[in-house]
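Source file input23.tsv; content: TSV, C-alpha atoms.
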chain	number	residue	atom	x	y	z
J	1	MET	CA	126.98	24.32	-129.30
J	2	LYS	CA	126.56	22.42	-126.06
J	3	SER	CA	123.04	22.40	-124.62
J	4	VAL	CA	122.34	23.39	-121.00
J	5	PRO	CA	119.29	22.54	-118.87
J	6	LEU	CA	116.57	25.14	-118.22
J	7	LYS	CA	113.30	24.82	-116.31
J	8	ALA	CA	110.23	26.81	-117.36
J	9	TYR	CA	106.60	27.03	-116.28
J	10	PRO	CA	103.37	27.68	-118.21
J	11	ARG	CA	102.37	31.34	-117.95
J	12	THR	CA	98.85	32.62	-117.48
J	13	ALA	CA	99.75	36.18	-116.43
J	14	THR	CA	99.26	38.58	-119.33
J	15	GLY	CA	98.86	42.32	-119.75
J	16	ARG	CA	100.88	45.03	-118.07
J	17	CYS	CA	99.67	44.33	-114.51
J	18	GLY	CA	100.11	40.56	-114.80
J	19	VAL	CA	103.62	40.87	-116.20
J	20	LYS	CA	104.56	43.44	-113.55
J	21	LYS	CA	103.51	41.05	-110.76
J	22	LEU	CA	105.40	38.24	-112.46
J	23	ARG	CA	108.63	40.24	-112.55
J	24	ALA	CA	108.12	41.27	-108.92
J	25	SER	CA	108.16	37.57	-108.02
J	26	ALA	CA	111.65	37.16	-109.54
J	27	ARG	CA	110.34	35.50	-112.68
J	28	ILE	CA	110.40	36.82	-116.23
J	29	PRO	CA	107.87	36.32	-119.04
J	30	ALA	CA	108.96	34.31	-122.05
J	31	VAL	CA	107.47	32.78	-125.18
J	32	ILE	CA	108.51	29.70	-127.12
J	33	TYR	CA	107.63	29.16	-130.75
J	34	GLY	CA	108.53	26.73	-133.50
J	35	ARG	CA	107.26	25.27	-136.75
J	36	LYS	CA	105.59	22.22	-135.23
J	37	ARG	CA	103.41	23.79	-132.53
J	38	ALA	CA	101.65	27.02	-131.60
J	39	PRO	CA	103.53	29.65	-129.55
J	40	GLN	CA	103.33	29.09	-125.80
J	41	ASN	CA	103.65	31.65	-123.01
J	42	LEU	CA	106.17	30.68	-120.34
J	43	GLU	CA	107.77	32.08	-117.21
J	44	ILE	CA	111.36	31.48	-116.12
J	45	GLN	CA	113.25	32.08	-112.90
J	46	ARG	CA	115.16	35.31	-113.51
J	47	LYS	CA	118.33	34.28	-111.67
J	48	GLU	CA	118.57	30.95	-113.48
J	49	LEU	CA	118.45	32.61	-116.89
J	50	GLU	CA	120.79	35.43	-115.84
J	51	ASP	CA	123.37	32.93	-114.56
J	52	LEU	CA	123.23	30.99	-117.84
J	53	ILE	CA	123.65	34.17	-119.91
J	54	HIS	CA	126.51	35.50	-117.77
J	55	GLY	CA	128.29	32.15	-118.03
J	56	SER	CA	128.03	32.09	-121.81
J	57	ALA	CA	130.24	33.79	-124.40
J	58	ALA	CA	127.12	35.24	-126.05
J	59	GLU	CA	123.34	35.17	-125.80
J	60	ASN	CA	123.22	32.30	-128.31
J	61	ILE	CA	122.38	29.51	-125.87
J	62	LEU	CA	120.95	26.08	-126.62
J	63	PHE	CA	118.62	24.77	-123.92
J	64	ASP	CA	117.43	21.34	-122.91
J	65	LEU	CA	114.10	22.81	-121.88
J	66	THR	CA	111.66	21.20	-119.48
J	67	VAL	CA	108.24	22.80	-119.06
J	68	GLU	CA	106.30	21.92	-115.92
J	69	GLY	CA	103.24	19.81	-116.77
J	70	ASP	CA	104.29	19.35	-120.40
J	71	PRO	CA	103.76	15.78	-121.65
J	72	GLU	CA	107.00	16.08	-123.63
J	73	PRO	CA	109.81	15.67	-121.07
J	74	LEU	CA	112.51	17.55	-122.97
J	75	ARG	CA	112.43	20.19	-125.69
J	76	LEU	CA	115.41	21.63	-127.55
J	77	ALA	CA	115.28	25.43	-127.77
J	78	LEU	CA	117.56	28.30	-128.78
J	79	LEU	CA	117.59	31.60	-126.93
J	80	GLN	CA	116.44	33.73	-129.84
J	81	GLN	CA	116.16	37.19	-128.30
J	82	VAL	CA	116.45	38.83	-124.88
J	83	GLN	CA	114.88	42.17	-124.01
J	84	HIS	CA	116.85	44.16	-121.41
J	85	HIS	CA	115.87	47.14	-119.29
J	86	ALA	CA	117.34	50.29	-120.83
J	87	LEU	CA	118.78	51.58	-117.53
J	88	THR	CA	119.45	48.59	-115.29
J	89	GLY	CA	120.23	46.02	-117.99
J	90	GLY	CA	117.98	43.51	-116.23
J	91	ILE	CA	116.14	40.90	-118.29
J	92	LEU	CA	112.55	41.86	-119.14
J	93	HIS	CA	111.53	39.18	-121.64
J	94	ALA	CA	112.96	36.21	-123.50
J	95	ASP	CA	112.06	34.59	-126.82
J	96	LEU	CA	112.86	30.91	-127.29
J	97	HIS	CA	112.93	29.13	-130.64
J	98	GLU	CA	112.11	25.43	-130.46
J	99	VAL	CA	114.24	23.40	-132.87
J	100	ALA	CA	114.89	19.78	-133.74
J	101	ALA	CA	118.29	18.15	-133.35
J	102	ASP	CA	118.34	17.39	-137.10
J	103	GLU	CA	117.05	20.84	-138.17
J	104	ARG	CA	119.49	23.34	-139.68
J	105	VAL	CA	118.88	26.79	-138.20
J	106	VAL	CA	120.21	30.31	-138.81
J	107	VAL	CA	121.59	32.41	-135.94
J	108	SER	CA	123.72	35.54	-135.58
J	109	VAL	CA	127.09	34.78	-133.99
J	110	PRO	CA	129.32	37.48	-132.45
J	111	VAL	CA	132.76	38.05	-133.96
J	112	GLU	CA	135.81	38.59	-131.73
J	113	THR	CA	139.47	39.10	-132.56
J	114	THR	CA	142.72	37.67	-131.23
J	115	GLY	CA	146.26	38.90	-131.66
J	116	GLU	CA	147.60	42.36	-132.55
J	117	ALA	CA	147.52	43.34	-136.20
J	118	GLU	CA	151.00	43.88	-137.70
J	119	GLY	CA	149.79	47.09	-139.35
J	120	VAL	CA	148.77	48.44	-135.96
J	121	LYS	CA	151.89	47.29	-134.13
J	122	THR	CA	154.49	48.49	-136.64
J	123	GLY	CA	152.66	50.96	-138.86
J	124	GLY	CA	150.47	52.84	-136.41
J	125	GLY	CA	147.31	51.73	-138.22
J	126	VAL	CA	143.85	51.46	-136.72
J	127	LEU	CA	141.98	48.17	-136.34
J	128	GLU	CA	138.39	48.62	-137.46
J	129	HIS	CA	135.75	46.15	-136.32
J	130	VAL	CA	133.23	46.62	-139.14
J	131	LEU	CA	130.86	43.71	-138.40
J	132	PHE	CA	130.32	42.59	-134.82
J	133	SER	CA	128.26	39.54	-135.80
J	134	VAL	CA	127.63	37.32	-138.81
J	135	LYS	CA	124.86	34.87	-139.63
J	136	VAL	CA	125.60	31.16	-139.76
J	137	ARG	CA	123.56	28.08	-140.57
J	138	GLY	CA	123.94	24.60	-139.14
J	139	LEU	CA	122.59	21.93	-136.84
J	140	PRO	CA	122.06	23.12	-133.25
J	141	LYS	CA	124.92	21.00	-131.90
J	142	ASP	CA	127.35	22.41	-134.51
J	143	LEU	CA	126.57	26.12	-134.00
J	144	PRO	CA	129.46	28.13	-132.51
J	145	GLU	CA	128.91	30.47	-129.58
J	146	VAL	CA	131.41	32.95	-131.03
J	147	LEU	CA	133.73	33.28	-134.04
J	148	VAL	CA	137.29	34.29	-133.13
J	149	LEU	CA	139.41	35.76	-135.94
J	150	ASP	CA	143.21	36.01	-135.81
J	151	VAL	CA	144.15	39.50	-137.01
J	152	SER	CA	147.92	39.36	-136.31
J	153	HIS	CA	148.81	39.03	-140.02
J	154	LEU	CA	146.88	42.11	-141.18
J	155	GLN	CA	148.89	44.99	-142.65
J	156	ILE	CA	147.58	48.51	-143.30
J	157	GLY	CA	144.98	48.37	-146.06
J	158	GLN	CA	144.24	44.68	-145.54
J	159	ALA	CA	140.98	43.18	-144.29
J	160	ILE	CA	139.19	39.96	-143.44
J	161	HIS	CA	136.00	39.38	-145.44
J	162	ILE	CA	133.09	37.05	-144.76
J	163	GLY	CA	134.30	34.68	-147.47
J	164	GLU	CA	137.68	34.36	-145.73
J	165	ILE	CA	136.33	33.25	-142.35
J	166	PRO	CA	137.06	29.53	-141.82
J	167	PRO	CA	133.69	27.95	-140.93
J	168	PRO	CA	133.45	25.45	-138.06
J	169	ALA	CA	132.75	21.86	-139.09
J	170	GLY	CA	129.19	21.42	-140.35
J	171	VAL	CA	128.49	25.17	-140.36
J	172	GLU	CA	127.87	27.53	-143.29
J	173	ILE	CA	128.72	31.21	-142.92
J	174	LEU	CA	126.14	33.39	-144.68
J	175	GLY	CA	126.45	36.80	-146.30
J	176	GLY	CA	128.30	38.41	-149.18
J	177	LYS	CA	131.76	36.92	-149.62
J	178	ASN	CA	133.33	40.35	-150.13
J	179	VAL	CA	131.72	42.05	-147.12
J	180	THR	CA	134.41	43.38	-144.76
J	181	VAL	CA	134.39	42.13	-141.18
J	182	ILE	CA	137.74	43.40	-139.84
J	183	ALA	CA	140.09	45.92	-141.47
J	184	VAL	CA	143.27	47.86	-140.71
J	185	SER	CA	143.17	51.45	-141.90
J	186	ALA	CA	146.00	53.96	-142.23
J	187	PRO	CA	146.62	56.26	-139.25
J	188	VAL	CA	144.90	59.63	-139.37
J	189	THR	CA	147.38	62.43	-140.05
J	190	GLU	CA	147.52	65.56	-137.90
J	191	ALA	CA	146.25	67.66	-140.81
J	192	GLU	CA	143.26	65.35	-141.36
J	193	GLU	CA	142.46	65.36	-137.65
J	194	THR	CA	142.63	69.17	-137.53
J	195	ALA	CA	140.41	69.51	-140.59
J	196	ALA	CA	137.84	67.12	-139.13
J	197	THR	CA	137.82	69.01	-135.82
J	198	GLU	CA	137.36	72.37	-137.53
J	199	ALA	CA	134.56	71.01	-139.71
J	200	ALA	CA	132.75	69.61	-136.68
J	201	ALA	CA	133.14	72.90	-134.79
J	202	ALA	CA	131.83	74.92	-137.74
J	203	GLY	CA	128.63	72.88	-137.85
J	204	PRO	CA	126.36	72.52	-140.87
J	205	LEU	CA	126.39	75.34	-143.39
J	206	GLU	CA	123.39	77.64	-143.33
J	207	PRO	CA	121.45	77.47	-146.61
J	208	GLU	CA	121.43	80.72	-148.57
J	209	VAL	CA	118.03	82.40	-148.49
J	210	ILE	CA	117.07	84.25	-151.67
J	211	LYS	CA	114.19	86.64	-151.26
J	212	GLU	CA	111.75	86.93	-154.10
J	213	LYS	CA	111.49	90.41	-155.60
J	214	LYS	CA	108.13	92.07	-155.27
Let me see the structure of the file written as structure tokens.
Amino acid sequence: MKSVPLKAYPRTATGRCGVKKLRASARIPAVIYGRKRAPQNLEIQRKELEDLIHGSAAENILFDLTVEGDPEPLRLALLQQVQHHALTGGILHADLHEVAADERVVVSVPVETTGEAEGVKTGGGVLEHVLFSVKVRGLPKDLPEVLVLDVSHLQIGQAIHIGEIPPPAGVEILGGKNVTVIAVSAPVTEAEETAATEAAAAGPLEPEVIKEKK
């Protein structure tokens, strides 16, 4: 994963009012933590972070972080978590995880597909995306932004499991080897679709009430 530069500033604003004023000034609150130092409150220019996220394949971004006034000129940090506004989607808060270049870390990487499954193209099957992300472990520079799986060979009833994903160089893919990530299922018949629709329309069955005799 290629690192990108990010500028941050020490944050003194806390509490609901302080954070509200901070966001009104086009900055967002953030925190950075790691094993070698205590967590530190930061603030980041909203537009700078939004541009970096929008230009990335996922929210797994590796930063060359500079903090104003920090005696350490450059710190390596992963974007660990981003909190978004439920309605507008705007960034509300960011968590950064400080790492070392020689430290193996675990992150969740999104899974995408390429190609059209043979079972979908010729058999009318349905491509099911069971897992949208998997956990991987590796050095920061080796971590992938996204895992792209070729599904063109899949027939109906076939699947790609975690153990079948080819890992990038220097990266270990975590999780149960037999856990399904992508699968092609048989097409739903008209009778099955009708039965499912009727069952949904009927709703849950009312439990039988038995009155106790006096």
Practice task
Find the residues near stretch 83-95 of chain J: any atom within 8 Å, counting all atoms listed in the file, skip ones fewer than 5 places away on the same chain, and give them as JSON, numbers by chain.
Solution key: {"J": [23, 28, 29, 30, 31, 32, 46, 50]}
Which centre and which edge lengths, in Å to one decimal, describe the axis-aligned box that holds all listed atoms of stretch 17-27 of chain J after 3 Å is added on each side, as lines of an AutoDock Vina configuration file?
center_x = 105.7
center_y = 39.9
center_z = -112.1
size_x = 18.0
size_y = 14.8
size_z = 14.2
Practice task
May I have the protein, DNA and RNA residues with an atom at most 12 Å from (135.8, 33.5, -145.7), counting only C-alpha atoms in the file's coordinates, returned as a VMD selection string?
Solution key: chain J and resid 134 147 149 159 to 168 172 to 182
Practice task
Would you please work out which residue, of J:Ala169, J:Val126, J:Cys17, J:Leu131, is nearest to J:Val188 when using only C-alpha atoms?
Solution key: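 Once distances to J:Val188 are computed over only C-alpha atoms, the minimum belongs to J:Val126.
Residues in contact with J:Pro73 at up to 12 Å, not including ones fewer than 2 positions away on its chain and judged by all atoms listed in the file, are Pro5, Leu6, Lys7, Ala8, Asp64, Leu65, Thr66, Val67, Glu68, Gly69, Asp70, Pro71, Arg75 and Leu76 of chain J.
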Practice task
Go through J:Leu42, J:Ala57, J:Pro110, J:Thr122 one by one, measure the shortest atom-to-atom distance of each to J:Leu96 using all atoms listed in the file, and give the residue with the smallest value.
Solution key: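 Looking only at the distances to J:Leu96, the closest residue turns out to be J:Leu42.
The coordinates place atom CA of J:Glu128 at 11.3 Å from atom CA of J:Leu154.
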Practice task
Might you pull out every residue within 9 Å of J:Thr12, with all atoms listed in the file counted and same-chain residues fewer than 5 positions away left off, and present them as a PyMOL selection string?
Solution key: chain J and resi 18+41-43
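For the residues J:Ile61, J:Val111, J:Val171, J:Ala183, ranking by smallest atom-to-atom distance to J:Leu143 using all atoms listed in the file places J:Val171 first.
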Residue contacts of J:Gly119 (12 Å, all atoms listed in the file) excluding same-chain residues fewer than 6 positions away, as a PDB file with C-alpha atoms, in the coordinates of the input:
ATOM      1  CA  GLY J 125     147.310  51.730-138.220  1.00  0.00           C
ATOM      2  CA  VAL J 126     143.850  51.460-136.720  1.00  0.00           C
ATOM      3  CA  LEU J 127     141.980  48.170-136.340  1.00  0.00           C
ATOM      4  CA  GLU J 128     138.390  48.620-137.460  1.00  0.00           C
ATOM      5  CA  VAL J 151     144.150  39.500-137.010  1.00  0.00           C
ATOM      6  CA  SER J 152     147.920  39.360-136.310  1.00  0.00           C
ATOM      7  CA  HIS J 153     148.810  39.030-140.020  1.00  0.00           C
ATOM      8  CA  LEU J 154     146.880  42.110-141.180  1.00  0.00           C
ATOM      9  CA  GLN J 155     148.890  44.990-142.650  1.00  0.00           C
ATOM     10  CA  ILE J 156     147.580  48.510-143.300  1.00  0.00           C
ATOM     11  CA  GLY J 157     144.980  48.370-146.060  1.00  0.00           C
ATOM     12  CA  GLN J 158     144.240  44.680-145.540  1.00  0.00           C
ATOM     13  CA  ALA J 159     140.980  43.180-144.290  1.00  0.00           C
ATOM     14  CA  ALA J 183     140.090  45.920-141.470  1.00  0.00           C
ATOM     15  CA  VAL J 184     143.270  47.860-140.710  1.00  0.00           C
ATOM     16  CA  SER J 185     143.170  51.450-141.900  1.00  0.00           C
ATOM     17  CA  ALA J 186     146.000  53.960-142.230  1.00  0.00           C
ATOM     18  CA  PRO J 187     146.620  56.260-139.250  1.00  0.00           C
TER      19      PRO J 187
END
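Minimum atom-to-atom distances from J:Ala58, J:Val130, J:Val4, J:Val148 to J:Val107 were compared using only C-alpha atoms, and the lowest value belongs to J:Ala58.
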Have stretch 111-127 of chain J completed to N, CA and C atoms, please, and pass it along as a PDB file, in the coordinates of the input.
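Wrote out_36.pdb, looks like this:
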ATOM      1  N   VAL J 111     131.390  38.187-133.443  1.00  0.00           N
ATOM      2  CA  VAL J 111     132.760  38.050-133.960  1.00  0.00           C
ATOM      3  C   VAL J 111     133.715  38.741-133.003  1.00  0.00           C
ATOM      4  N   GLU J 112     134.764  38.025-132.585  1.00  0.00           N
ATOM      5  CA  GLU J 112     135.810  38.590-131.730  1.00  0.00           C
ATOM      6  C   GLU J 112     137.154  38.412-132.419  1.00  0.00           C
ATOM      7  N   THR J 113     138.149  39.163-131.947  1.00  0.00           N
ATOM      8  CA  THR J 113     139.470  39.100-132.560  1.00  0.00           C
ATOM      9  C   THR J 113     140.504  38.621-131.536  1.00  0.00           C
ATOM     10  N   THR J 114     141.585  38.052-132.067  1.00  0.00           N
ATOM     11  CA  THR J 114     142.720  37.670-131.230  1.00  0.00           C
ATOM     12  C   THR J 114     143.997  38.107-131.914  1.00  0.00           C
ATOM     13  N   GLY J 115     144.997  38.436-131.116  1.00  0.00           N
ATOM     14  CA  GLY J 115     146.260  38.900-131.660  1.00  0.00           C
ATOM     15  C   GLY J 115     146.258  40.404-131.924  1.00  0.00           C
ATOM     16  N   GLU J 116     147.454  40.947-132.208  1.00  0.00           N
ATOM     17  CA  GLU J 116     147.600  42.360-132.550  1.00  0.00           C
ATOM     18  C   GLU J 116     148.021  42.478-134.003  1.00  0.00           C
ATOM     19  N   ALA J 117     147.251  43.209-134.775  1.00  0.00           N
ATOM     20  CA  ALA J 117     147.520  43.340-136.200  1.00  0.00           C
ATOM     21  C   ALA J 117     148.902  43.959-136.431  1.00  0.00           C
ATOM     22  N   GLU J 118     149.646  43.398-137.388  1.00  0.00           N
ATOM     23  CA  GLU J 118     151.000  43.880-137.700  1.00  0.00           C
ATOM     24  C   GLU J 118     150.961  45.348-138.139  1.00  0.00           C
ATOM     25  N   GLY J 119     149.907  45.713-138.893  1.00  0.00           N
ATOM     26  CA  GLY J 119     149.790  47.090-139.350  1.00  0.00           C
ATOM     27  C   GLY J 119     149.526  48.070-138.233  1.00  0.00           C
ATOM     28  N   VAL J 120     148.972  47.589-137.127  1.00  0.00           N
ATOM     29  CA  VAL J 120     148.770  48.440-135.960  1.00  0.00           C
ATOM     30  C   VAL J 120     150.045  48.517-135.137  1.00  0.00           C
ATOM     31  N   LYS J 121     150.701  47.382-134.983  1.00  0.00           N
ATOM     32  CA  LYS J 121     151.890  47.290-134.130  1.00  0.00           C
ATOM     33  C   LYS J 121     153.078  48.039-134.720  1.00  0.00           C
ATOM     34  N   THR J 122     153.293  47.902-136.029  1.00  0.00           N
ATOM     35  CA  THR J 122     154.490  48.490-136.640  1.00  0.00           C
ATOM     36  C   THR J 122     154.207  49.720-137.494  1.00  0.00           C
ATOM     37  N   GLY J 123     152.962  49.854-137.964  1.00  0.00           N
ATOM     38  CA  GLY J 123     152.660  50.960-138.860  1.00  0.00           C
ATOM     39  C   GLY J 123     151.760  52.020-138.276  1.00  0.00           C
ATOM     40  N   GLY J 124     151.329  51.833-137.031  1.00  0.00           N
ATOM     41  CA  GLY J 124     150.470  52.840-136.410  1.00  0.00           C
ATOM     42  C   GLY J 124     149.059  52.868-136.960  1.00  0.00           C
ATOM     43  N   GLY J 125     148.646  51.785-137.657  1.00  0.00           N
ATOM     44  CA  GLY J 125     147.310  51.730-138.220  1.00  0.00           C
ATOM     45  C   GLY J 125     146.229  51.564-137.158  1.00  0.00           C
ATOM     46  N   VAL J 126     145.002  51.574-137.615  1.00  0.00           N
ATOM     47  CA  VAL J 126     143.850  51.460-136.720  1.00  0.00           C
ATOM     48  C   VAL J 126     143.047  50.221-137.087  1.00  0.00           C
ATOM     49  N   LEU J 127     142.793  49.364-136.103  1.00  0.00           N
ATOM     50  CA  LEU J 127     141.980  48.170-136.340  1.00  0.00           C
ATOM     51  C   LEU J 127     140.508  48.550-136.296  1.00  0.00           C
TER      52      LEU J 127
END
